[in-house]
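Visitor: So I've got this file, input08.cif, and it contains mmCIF, C-alpha atoms:
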data_target
loop_
_atom_site.label_atom_id
_atom_site.label_comp_id
_atom_site.auth_asym_id
_atom_site.auth_seq_id
_atom_site.Cartn_x
_atom_site.Cartn_y
_atom_site.Cartn_z
CA MET A 1 -31.09 12.69 -29.66
CA GLU A 2 -28.43 15.19 -28.60
CA LYS A 3 -28.42 18.30 -30.80
CA ILE A 4 -25.40 20.27 -31.99
CA PRO A 5 -24.97 23.32 -29.71
CA VAL A 6 -26.65 26.31 -31.36
CA ARG A 7 -25.83 29.84 -30.24
CA HIS A 8 -28.21 32.79 -30.48
CA ILE A 9 -27.77 36.56 -30.40
CA THR A 10 -30.42 36.83 -27.66
CA ASN A 11 -32.81 34.48 -25.94
CA SER A 12 -35.74 36.88 -26.20
CA PRO A 13 -38.07 37.31 -29.19
CA THR A 14 -36.92 40.04 -31.53
CA THR A 15 -38.36 42.03 -34.38
CA SER A 16 -36.70 42.91 -37.66
CA ASN A 17 -36.35 46.52 -36.55
CA SER A 18 -34.64 45.73 -33.24
CA SER A 19 -30.95 46.31 -32.61
CA GLU A 20 -31.08 43.01 -30.68
CA ASN A 21 -30.89 41.33 -34.10
CA PHE A 22 -27.45 42.83 -34.68
CA SER A 23 -24.25 43.36 -32.70
CA ILE A 24 -20.69 44.46 -33.46
CA ARG A 25 -17.87 44.05 -30.94
CA ASN A 26 -14.32 45.31 -30.90
CA LEU A 27 -12.13 42.20 -30.75
CA GLU A 28 -9.61 43.78 -28.41
CA ASP A 29 -12.37 44.49 -25.88
CA LEU A 30 -13.92 41.07 -26.42
CA LEU A 31 -10.66 39.18 -25.90
CA SER A 32 -9.38 41.36 -23.03
CA GLU A 33 -5.85 40.05 -23.64
CA LYS A 34 -6.98 36.42 -23.29
CA ASP A 35 -6.93 33.69 -25.92
CA LEU A 36 -10.34 32.61 -27.23
CA MET A 37 -11.03 28.90 -27.74
CA GLU A 38 -14.46 27.69 -28.88
CA ASP A 39 -15.49 24.06 -29.44
CA LEU A 40 -17.48 22.99 -32.49
CA HIS A 41 -20.88 24.67 -32.57
CA ARG A 42 -23.29 26.39 -34.93
CA HIS A 43 -25.32 29.63 -34.96
CA ASP A 44 -28.81 30.62 -36.04
CA PHE A 45 -27.35 33.93 -37.29
CA PHE A 46 -24.60 35.24 -39.59
CA HIS A 47 -21.24 35.34 -37.79
CA ILE A 48 -18.69 37.68 -39.40
CA LEU A 49 -15.12 37.98 -38.16
CA VAL A 50 -12.96 40.82 -39.51
CA LEU A 51 -9.26 40.66 -38.55
CA LYS A 52 -6.97 43.69 -38.68
CA LYS A 53 -4.38 41.66 -36.80
CA GLY A 54 -4.94 37.94 -36.69
CA LYS A 55 -3.38 34.78 -35.38
CA GLY A 56 -5.13 31.51 -34.71
CA PHE A 57 -7.21 28.79 -36.30
CA HIS A 58 -10.71 28.68 -37.78
CA GLU A 59 -12.40 25.48 -38.95
CA ILE A 60 -15.63 26.00 -40.92
CA ASP A 61 -17.53 22.86 -41.91
CA PHE A 62 -14.32 20.83 -41.62
CA ILE A 63 -12.24 23.12 -43.83
CA ASN A 64 -9.28 24.57 -41.92
CA HIS A 65 -8.21 28.21 -42.27
CA GLU A 66 -5.29 30.02 -40.72
CA VAL A 67 -6.28 33.25 -38.99
CA LYS A 68 -4.04 35.99 -40.38
CA ASP A 69 -3.90 39.77 -40.75
CA HIS A 70 -6.40 41.33 -43.17
CA THR A 71 -8.82 38.41 -43.35
CA VAL A 72 -12.60 38.14 -43.17
CA PHE A 73 -14.54 35.03 -42.15
CA PHE A 74 -18.22 34.77 -43.06
CA VAL A 75 -20.10 31.93 -41.34
CA ARG A 76 -23.67 31.29 -42.46
CA PRO A 77 -26.49 30.17 -40.13
CA GLY A 78 -26.33 26.41 -39.65
CA GLN A 79 -22.66 25.98 -40.50
CA ALA A 80 -20.54 24.24 -37.86
CA HIS A 81 -17.32 25.95 -36.88
CA ARG A 82 -14.49 25.81 -34.34
CA LEU A 83 -12.50 28.96 -33.54
CA GLU A 84 -9.23 29.78 -31.78
CA LEU A 85 -8.01 33.38 -31.57
CA ASP A 86 -4.78 34.72 -30.10
CA ALA A 87 -5.18 37.30 -27.33
CA LEU A 88 -3.58 40.03 -29.46
CA CYS A 89 -6.01 39.80 -32.39
CA SER A 90 -7.77 43.01 -33.37
CA GLY A 91 -10.75 43.85 -35.55
CA TYR A 92 -14.50 43.28 -35.30
CA MET A 93 -16.91 40.45 -34.57
CA ILE A 94 -20.36 40.92 -36.09
CA LYS A 95 -23.49 38.90 -35.31
CA MET A 96 -26.56 39.46 -37.46
CA ASN A 97 -29.89 37.71 -37.82
CA ALA A 98 -31.22 37.47 -41.36
CA ALA A 99 -34.28 39.44 -40.21
CA PHE A 100 -32.13 42.47 -39.43
CA PHE A 101 -30.86 42.94 -42.98
CA ASN A 102 -34.03 41.91 -44.82
CA SER A 103 -34.57 44.73 -47.24
CA GLU A 104 -37.13 45.76 -49.79
CA ASN A 105 -34.10 46.49 -51.93
CA LYS A 106 -33.61 43.22 -53.82
CA THR A 107 -30.07 44.19 -54.85
CA SER A 108 -28.95 44.57 -51.22
CA ASN A 109 -30.28 41.12 -50.35
CA GLN A 110 -28.49 39.63 -53.35
CA TYR A 111 -25.17 41.07 -52.14
CA LEU A 112 -25.68 39.41 -48.74
CA ARG A 113 -26.38 36.05 -50.41
CA LYS A 114 -23.41 36.40 -52.75
CA THR A 115 -21.07 37.35 -49.91
CA GLY A 116 -22.19 34.31 -47.91
CA ILE A 117 -21.23 31.89 -50.68
CA GLN A 118 -17.61 32.26 -49.58
CA ASN A 119 -16.46 31.64 -45.99
CA TYR A 120 -12.92 32.99 -46.19
CA TYR A 121 -11.66 36.29 -47.64
CA PRO A 122 -7.88 36.91 -47.54
CA LEU A 123 -7.31 40.56 -48.51
CA ASP A 124 -4.33 42.78 -49.18
CA GLY A 125 -3.82 46.04 -47.28
CA ASN A 126 -5.68 48.27 -49.76
CA GLN A 127 -8.60 45.90 -50.09
CA PHE A 128 -8.89 45.61 -46.33
CA GLN A 129 -8.99 49.38 -45.83
CA LYS A 130 -11.97 49.62 -48.19
CA ILE A 131 -14.03 47.19 -46.13
CA LEU A 132 -12.82 48.70 -42.85
CA TYR A 133 -14.23 52.19 -43.51
CA PRO A 134 -17.93 51.18 -43.38
CA LEU A 135 -17.28 48.91 -40.39
CA ASP A 136 -15.72 51.76 -38.38
CA TYR A 137 -18.82 53.84 -39.14
CA ILE A 138 -21.11 50.94 -38.17
CA PHE A 139 -19.26 50.48 -34.88
CA GLU A 140 -19.64 54.18 -34.05
CA GLU A 141 -23.36 54.22 -34.86
CA TYR A 142 -23.99 51.00 -32.94
CA ASN A 143 -22.46 52.44 -29.78
CA THR A 144 -23.77 56.02 -29.96
CA LYS A 145 -27.27 55.02 -31.17
CA ARG A 146 -28.01 58.41 -32.65
CA GLU A 147 -31.17 59.13 -34.64
CA ASN A 148 -31.68 56.67 -37.55
CA HIS A 149 -28.66 54.63 -36.47
CA LEU A 150 -30.19 51.33 -37.61
CA GLU A 151 -30.77 52.63 -41.13
CA ILE A 152 -27.21 53.95 -41.27
CA ILE A 153 -25.87 50.60 -40.05
CA LYS A 154 -27.81 48.73 -42.75
CA ALA A 155 -26.64 51.13 -45.46
CA ASN A 156 -23.01 50.63 -44.48
CA LEU A 157 -23.49 46.87 -44.26
CA SER A 158 -24.59 47.00 -47.90
CA ILE A 159 -21.33 48.79 -48.78
CA PHE A 160 -19.35 46.21 -46.79
CA PHE A 161 -21.02 43.31 -48.63
CA MET A 162 -20.52 45.00 -52.02
CA GLU A 163 -16.82 45.49 -51.35
CA LEU A 164 -16.39 41.87 -50.26
CA THR A 165 -18.26 40.66 -53.34
CA ARG A 166 -15.81 42.61 -55.49
CA GLU A 167 -12.98 40.64 -53.95
CA GLN A 168 -14.52 37.22 -54.47
CA LYS A 169 -12.56 34.90 -56.69
CA LYS A 170 -13.79 34.88 -60.25
CA THR A 171 -15.66 31.60 -60.36
CA THR A 172 -18.00 30.09 -62.89
CA ALA A 173 -20.88 31.04 -60.61
CA GLU A 174 -20.12 34.74 -61.03
CA LYS A 175 -20.33 34.38 -64.79
CA THR A 176 -23.74 32.72 -64.61
CA ASN A 177 -26.96 34.56 -65.26
CA LEU A 178 -28.88 35.85 -62.25
CA TYR A 179 -31.84 33.50 -62.77
CA ALA A 180 -29.67 30.37 -62.54
CA GLN A 181 -27.82 31.74 -59.49
CA GLU A 182 -31.10 32.45 -57.69
CA ARG A 183 -32.42 28.93 -58.46
CA LEU A 184 -29.20 27.43 -57.09
CA GLU A 185 -29.49 29.47 -53.89
CA GLU A 186 -33.11 28.35 -53.50
CA PHE A 187 -32.05 24.71 -54.00
CA LEU A 188 -29.32 24.99 -51.34
CA ALA A 189 -31.79 26.64 -48.92
CA LEU A 190 -34.29 23.81 -49.48
CA LEU A 191 -31.60 21.25 -48.71
CA GLU A 192 -31.01 22.79 -45.29
CA THR A 193 -34.60 22.11 -44.20
CA HIS A 194 -35.63 19.04 -46.23
CA ILE A 195 -32.47 16.90 -46.39
CA PHE A 196 -33.60 14.78 -43.40
CA THR A 197 -36.74 13.59 -45.16
CA GLN A 198 -36.14 14.12 -48.88
CA LYS A 199 -33.16 12.91 -50.89
CA GLN A 200 -34.49 12.70 -54.45
CA VAL A 201 -33.50 15.21 -57.15
CA SER A 202 -37.00 15.05 -58.64
CA ALA A 203 -38.56 16.22 -55.36
CA TYR A 204 -36.34 19.32 -55.15
CA ALA A 205 -36.88 20.06 -58.83
CA GLU A 206 -40.64 19.97 -58.22
CA MET A 207 -40.33 22.37 -55.26
CA LEU A 208 -38.48 24.77 -57.57
CA ASN A 209 -40.94 24.32 -60.44
CA LEU A 210 -38.12 22.89 -62.56
CA THR A 211 -37.51 19.57 -64.25
CA SER A 212 -34.71 17.36 -62.93
CA TYR A 213 -32.87 18.06 -66.18
CA GLN A 214 -33.09 21.84 -65.63
CA LEU A 215 -31.91 21.58 -62.00
CA ASN A 216 -28.96 19.41 -63.03
CA ALA A 217 -28.07 21.84 -65.80
CA ILE A 218 -27.94 24.69 -63.27
CA THR A 219 -25.79 22.82 -60.73
CA LYS A 220 -23.44 21.52 -63.42
CA THR A 221 -22.97 24.98 -64.94
CA ILE A 222 -22.35 26.78 -61.66
CA LEU A 223 -20.73 24.16 -59.41
CA ASP A 224 -19.70 21.49 -61.92
CA LYS A 225 -21.64 18.94 -59.86
CA THR A 226 -24.92 17.11 -60.39
CA ALA A 227 -27.83 17.87 -58.09
CA SER A 228 -27.53 14.31 -56.74
CA GLU A 229 -23.87 14.91 -55.83
CA ILE A 230 -24.84 18.10 -53.94
CA ILE A 231 -27.57 16.24 -52.05
CA THR A 232 -25.10 13.53 -51.03
CA GLU A 233 -22.49 16.13 -49.98
CA THR A 234 -25.13 17.80 -47.78
CA ILE A 235 -25.99 14.46 -46.13
CA ILE A 236 -22.33 13.68 -45.43
CA LEU A 237 -21.60 17.20 -44.13
CA GLU A 238 -24.52 17.20 -41.70
CA SER A 239 -23.55 13.70 -40.53
CA LYS A 240 -19.97 14.87 -39.88
CA ARG A 241 -21.29 17.77 -37.84
CA TYR A 242 -23.26 15.44 -35.58
CA LEU A 243 -20.45 12.93 -35.26
CA LEU A 244 -17.97 15.55 -34.04
CA ALA A 245 -20.23 17.92 -32.09
CA THR A 246 -22.37 15.37 -30.21
CA THR A 247 -22.03 12.01 -28.46
CA ASN A 248 -24.96 10.46 -30.33
CA GLN A 249 -24.62 6.85 -31.42
CA VAL A 250 -24.23 6.20 -35.14
CA SER A 251 -27.65 4.54 -35.19
CA GLN A 252 -29.22 7.71 -33.75
CA ILE A 253 -27.51 9.92 -36.33
CA ALA A 254 -28.57 7.56 -39.14
CA ASP A 255 -32.17 7.75 -37.94
CA TYR A 256 -31.98 11.54 -37.62
CA MET A 257 -30.70 11.75 -41.20
CA GLY A 258 -33.66 9.69 -42.39
CA TYR A 259 -32.08 6.25 -42.78
CA ASP A 260 -33.87 3.23 -41.29
CA ASP A 261 -31.03 0.93 -42.41
CA VAL A 262 -27.97 1.80 -40.30
CA SER A 263 -25.74 -0.47 -42.38
CA TYR A 264 -26.65 1.43 -45.54
CA PHE A 265 -25.88 4.74 -43.84
CA ILE A 266 -22.47 3.44 -42.71
CA ARG A 267 -21.65 2.21 -46.24
CA LEU A 268 -22.72 5.55 -47.74
CA PHE A 269 -20.60 7.52 -45.27
CA LYS A 270 -17.54 5.32 -45.81
CA LYS A 271 -17.90 5.47 -49.59
CA HIS A 272 -17.71 9.26 -49.57
CA THR A 273 -15.21 9.84 -46.75
CA GLY A 274 -13.04 6.74 -46.68
CA PHE A 275 -13.93 6.21 -43.00
CA SER A 276 -16.71 4.51 -41.11
CA PRO A 277 -18.67 7.01 -38.96
CA GLU A 278 -17.03 5.74 -35.73
CA THR A 279 -13.53 5.86 -37.21
CA PHE A 280 -14.17 9.38 -38.48
CA ARG A 281 -15.27 10.45 -34.99
CA GLN A 282 -12.21 8.87 -33.35
CA ASN A 283 -9.75 10.34 -35.85
CA PHE A 284 -11.06 13.89 -36.06
CA LYS A 285 -12.72 14.73 -32.75
#
Translate this file's structure into structure tokens.
Guide:
Amino acid sequence: MEKIPVRHITNSPTTSNSSENFSIRNLEDLLSEKDLMEDLHRHDFFHILVLKKGKGFHEIDFINHEVKDHTVFFVRPGQAHRLELDALCSGYMIKMNAAFFNSENKTSNQYLRKTGIQNYYPLDGNQFQKILYPLDYIFEEYNTKRENHLEIIKANLSIFFMELTREQKKTTAEKTNLYAQERLEEFLALLETHIFTQKQVSAYAEMLNLTSYQLNAITKTILDKTASEIITETIILESKRYLLATTNQVSQIADYMGYDDVSYFIRLFKKHTGFSPETFRQNFK
């Protein structure tokens, strides 16, 4: 079974206190006046792209975004994305393992989770300047590595996440109480690791110490979807990733997703996408 290409910050073991868990690059230096074109892949870290000047294309989990001035892209670990950047783009590219930002400060961790809910942040000039100040400071500390530079980087990352959270669209989720939001985030995290073997709402509700009714109430209030609909969306999304990023046969992908009956998997995929898996691969690869 061919796996989707996964990129790492380093190939060596790291600790939560190591700067190897974090990097920030100046885009102009990174591009060196050459266009950047990356095929579909995923990361095991947070990938943050901050564009002062931007031109190009960014596809994140099959949603297309135009790369423009004053935009921020926030790609979570496990998401599949495809990126094209013009040679004249400027800004920062940040790579960060979750272990780097893990904090005893619960509020800081909540801001990271809230920021990651949204992949795309189009900002106006004033908004962009507010998020640029802490990033400039982070870039300086990362390169000079003066005393306590890691702590200063983390503190400014917190400011960066807070500013981005301010600019998030006012959604129902933001109006929901913290308890419900945390349960939803836990549910989505469980899906990432258990979706291949577990597809029943009752099983996830049990993992969360909730009833199926309570879990459905949370997902309906925040996302206006049932827990079952979210489970199905996760199955379809992961299947799309493997169809477009690998050469695996449909039968192999069905087996990987936990379906012994390939025909059932094909019917499920077609019901929710309008395409058979093979047609989807031919049309969108």
Visitor: Please enumerate the residues selected by the PyMOL selection byres ((chain A and resi 55) around 6) when evaluated against the supplied file, formatted as a list in words.
Guide: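 Given this file, the PyMOL selection byres ((chain A and resi 55) around 6) evaluates to Gly54, Gly56, Val67, Lys68 and Asp86 of chain A.
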Visitor: Atom CA of A:Met96 and atom CA of A:Phe22 are how many Å apart?
Guide: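 Here the two named atoms are 4.5 Å from each other.
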Visitor: In Å, how far is it from atom CA of A:Asn143 to atom CA of A:Ile9?
Guide: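 Atom CA of A:Ile9 lies at a distance of 16.8 Å from atom CA of A:Asn143.
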Visitor: Which is closer to A:Ala180 than all the others in A:His8, A:Ile222, A:Phe160, A:Lys240, using all atoms listed in the file?
Guide: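 Answer, going by the shortest atom-to-atom distance: A:Ile222.
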Visitor: As a check of understanding, name the residues that the PyMOL selection byres ((chain A and resi 64) around 12) selects in the supplied structure, as a PyMOL selection string.
Guide: chain A and resi 56-63+65-67+73+80-84+119-120
Visitor: At a cut-off of 12 Å from (-10.8, 43.0, -36.3) in the coordinates of the file, what residues are picked up using all atoms listed in the file, written as a PyMOL selection string?
Guide: chain A and resi 24-31+48-55+67-73+85-86+88-94+128-129+131-132+135-136+139
Visitor: A:Ser108: which residues within 12 Å, counting only C-alpha atoms, same-chain residues fewer than 2 positions away excluded, as an MDAnalysis selection string?
Guide: chainID A and resid 101:106 110:115 154:162 165
Visitor: Apply the PyMOL selection byres ((chain A and resi 187-190) around 10) to the displayed file and report the matching residues as a VMD selection string.
Guide: chain A and resid 181 to 186 191 to 195 198 204 to 205 207 to 208 215 219 227 230 to 231 234
Visitor: Have a look at atom CA of A:Arg7 and atom CA of A:Asp44 and let me know their distance in Å, one decimal.
Guide: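 About the pair atom CA of A:Arg7 and atom CA of A:Asp44: they are 6.6 Å apart.
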Visitor: Identify, on the basis of only C-alpha atoms, every residue whose closest approach to A:Glu141 does not exceed 8 Å; exclude the query and any residue fewer than 5 positions from it along the same chain; express the result as JSON, numbers by chain.
Guide: {"A": [146, 149, 150, 152, 153]}
Visitor: Go through A:Pro5, A:Asn21, A:Gly125, A:Ile117 one by one, measure the shortest atom-to-atom distance of each to A:Asp39 using only C-alpha atoms, and give the residue with the smallest value.
Guide: A:Pro5
Visitor: For each of A:Arg166, A:Lys199, A:Lys130, A:Lys95, take the minimum atom-to-atom distance to A:His43, counting only C-alpha atoms, then give the residue where this is smallest.
Guide: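 Among A:Arg166, A:Lys199, A:Lys130, A:Lys95, it is A:Lys95 that comes nearest to A:His43.
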Visitor: Rank A:Arg76, A:Ile218, A:Phe269, A:Ser239 by their smallest atom-to-atom distance to A:Leu178, using all atoms listed in the file, and report the top residue only.
Guide: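 Closest candidate: A:Ile218.
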Visitor: Let me have the centre and edge lengths of the axis-aligned box enclosing all listed atoms of stretch 226-240 of chain A with 5 Å padding on every side, in Å to one decimal, as AutoDock Vina command-line options.
Guide:
--center_x -23.9 --center_y 15.8 --center_z -50.1 --size_x 17.9 --size_y 14.6 --size_z 30.5
Visitor: Pick out the closest residue to A:Tyr259 from this set: A:Thr211, A:Asn283, A:Thr273, A:Thr197. Count all atoms listed in the file.
Guide: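 Among the listed residues, the smallest separation from A:Tyr259 belongs to A:Thr197.
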Visitor: Could you give me, as a ChimeraX atom specification, the residues within 12 Å of A:Pro277, counting all atoms listed in the file and dropping anything in the same chain fewer than 2 positions from it?
Guide: /A:236-237,239-244,248-254,262-275,279-285
